[in-house]
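Novice: My structure is below; once you've seen it, I'll send some questions.
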Amino acid sequence: MRNKSLLNRLVNVALAALLVAPAFAYADPVFDTPAKVITIPPNLDQDAITCTFYADAMIQVSGTNTPAPDGAMLSRNPAGFACPAKPSQGVALPTEGFDLSGRKGSFLIFEASDPTGASGLIIFDALSGRKLFADGESSITAAMVAQGVLRLRYVRAINASCSLLADRGGCWSALLASGQIPRGLFPGPPALESCAKTYRAAGSPAVPDDDPSMVSYPAALTLDSAGHASVQAVGPVGCDPMP
């Protein structure tokens, strides 16, 4: 019940983000369609291996049947490559514990495969494998690429070490001081009443008021191939108890 309540609120946050978003031509589905996907089932000697092929690249991830996949391998010009490819046929990506969510233009997007509360988001250049961006998030809602620039809508999320319900002012000050919430982004913390509502709706047994908060808000990322990134809030900040 607790995770269901959190999921429902995050879905509403994501919908609100789209309602206030500028009229960019966001695509549906969110990610580009691969040329093919091959999955080798697990056996006694190895975990499952998934190879996602595009015309100019292949991404191979081992351990896709587990909550903690191995780091991915990116191969250029994969025509004729088998799955799995040889290590010499690609470059390793630092994505341990992450799985490939998809590709958008020249950007590869990975998300944490077994998140608790806020998860991780990592974006790489699809051809060089260079890491371009990383952040905490709970869901990706839309994406587009225009003139080589990625525009991504997602719910940015932070696992706080304190409770906004138990100590609204002190916890918010700590989030600002640590840089987890940029100063000036919001006029103040979420209303105490809204935090109390999400804590009470989290299910049974009751969640203690001092349970650490997951803080989230709809965000818009603009990212170019050089790694220049801009993140803007496009909706109100909210809080939930950590699941």
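Ligands are numbered from 1 in the order shown, residues from 1 within each chain, and chains are lettered A, B, ... in the order they appear in the structure tokens.
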Could you go through stretch 47-201 of chain A and tell me which residues DSSP, when run on the backbone, assigns to strand (DSSP E or B), listing them as a PyMOL selection string?
Specialist: chain A and resi 49-53+57-62+73-76+91-92+98-104+107-112+119-125+131-146+149-159
Novice: Could you give me, as a Markdown table, every stretch 138-240 of chain A residue with an atom at most 10 Å from stretch 113-125 of chain A, plus its closest atom pair and distance in Å to one decimal, counting only C-alpha atoms, rows ordered by chain then number?
Specialist:
```
| residue | atom | partner | partner_atom | distance |
| --- | --- | --- | --- | --- |
| A:Ser138 | CA | A:Ala118 | CA | 5.3 |
| A:Ser139 | CA | A:Ser119 | CA | 8.6 |
| A:Ile140 | CA | A:Leu121 | CA | 9.3 |
| A:Tyr154 | CA | A:Leu121 | CA | 9.8 |
| A:Val155 | CA | A:Ala118 | CA | 9.5 |
| A:Arg156 | CA | A:Ala118 | CA | 8.1 |
| A:Ala157 | CA | A:Ala118 | CA | 5.2 |
| A:Ile158 | CA | A:Ala118 | CA | 5.6 |
| A:Asn159 | CA | A:Ala118 | CA | 5.7 |
| A:Ala160 | CA | A:Ala118 | CA | 9.4 |
| A:Ser213 | CA | A:Gly117 | CA | 9.0 |
| A:Met214 | CA | A:Gly117 | CA | 6.4 |
| A:Val215 | CA | A:Ala118 | CA | 8.4 |
| A:Ser216 | CA | A:Ala118 | CA | 8.4 |
| A:Leu223 | CA | A:Ile123 | CA | 9.4 |
| A:Asp224 | CA | A:Asp125 | CA | 9.6 |
| A:Ser225 | CA | A:Asp125 | CA | 6.8 |
| A:Ala226 | CA | A:Asp125 | CA | 8.9 |
| A:Gly227 | CA | A:Asp125 | CA | 8.9 |
| A:Asp240 | CA | A:Gly117 | CA | 9.1 |
```
Novice: Take the residues from that selection and put them in a file with C-alpha atoms, as a JSON list (two decimals), in the first residue's frame.
Specialist:
```json
[["chain", "number", "residue", "atom", "x", "y", "z"],
["A", 138, "SER", "CA", 11.85, 8.66, -9.89],
["A", 139, "SER", "CA", 10.45, 8.58, -13.43],
["A", 140, "ILE", "CA", 11.08, 9.82, -16.96],
["A", 154, "TYR", "CA", 11.53, 13.72, -15.50],
["A", 155, "VAL", "CA", 10.57, 13.78, -11.85],
["A", 156, "ARG", "CA", 13.73, 14.82, -10.02],
["A", 157, "ALA", "CA", 13.92, 13.11, -6.64],
["A", 158, "ILE", "CA", 16.23, 13.27, -3.62],
["A", 159, "ASN", "CA", 16.51, 10.86, -0.72],
["A", 160, "ALA", "CA", 16.78, 13.18, 2.25],
["A", 213, "SER", "CA", 11.54, 12.17, 3.25],
["A", 214, "MET", "CA", 11.89, 11.65, -0.46],
["A", 215, "VAL", "CA", 11.68, 15.12, -1.99],
["A", 216, "SER", "CA", 10.58, 15.40, -5.61],
["A", 223, "LEU", "CA", 21.63, 18.59, -22.46],
["A", 224, "ASP", "CA", 23.98, 18.89, -25.42],
["A", 225, "SER", "CA", 26.61, 16.47, -26.73],
["A", 226, "ALA", "CA", 29.38, 18.36, -24.91],
["A", 227, "GLY", "CA", 27.73, 17.69, -21.55],
["A", 240, "ASP", "CA", 6.82, 11.47, 0.56]]
```
Novice: Please indicate the distance in Å from atom CA of A:Met73 to atom CA of A:Gln60, rounded to one decimal place.
Specialist: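 So the two atoms, atom CA of A:Met73 and atom CA of A:Gln60, lie 5.1 Å apart.
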Novice: For a quick check of understanding, using only C-alpha atoms, which of A:Ala55, A:Val61, A:Cys239, A:Ala79 has the smallest distance to A:Cys171?
Specialist: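 Among the listed residues, the smallest separation from A:Cys171 belongs to A:Cys239.
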Novice: So which bits of stretch 22-235 of chain A end up alpha helix (DSSP H) when you DSSP the backbone, as a list of chain:residue names?
Specialist: A:Arg168, A:Gly169, A:Gly170, A:Cys171, A:Trp172, A:Ser173, A:Ala174, A:Leu175, A:Leu176, A:Ala177, A:Ser178, A:Leu192, A:Glu193, A:Ser194, A:Cys195, A:Ala196, A:Lys197, A:Thr198, A:Tyr199, A:Arg200
Novice: Which of these residues is nearest to A:Gly238, using only C-alpha atoms: A:Arg151, A:Arg103, A:Lys197, A:Arg76?
Specialist: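 Checking each candidate against A:Gly238, we get A:Lys197 as the closest.
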Novice: I need the residue nearest A:Phe81 from this list: A:Ala146, A:Thr52, A:Ala201, A:Phe98. Use only C-alpha atoms for the distance.
Specialist: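 So, comparing all the options, the nearest one is A:Thr52.
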Novice: For A:Ile38, which residue out of A:Thr64, A:Ala166, A:Ala112, A:Ala220 is the nearest one, using only C-alpha atoms?
Specialist: A:Thr64
Novice: In terms of the shortest atom-to-atom distance over only C-alpha atoms, which of A:Asn43, A:Thr141, A:Gln180, A:Thr66 is closest to A:Pro218?
Specialist: A:Thr141
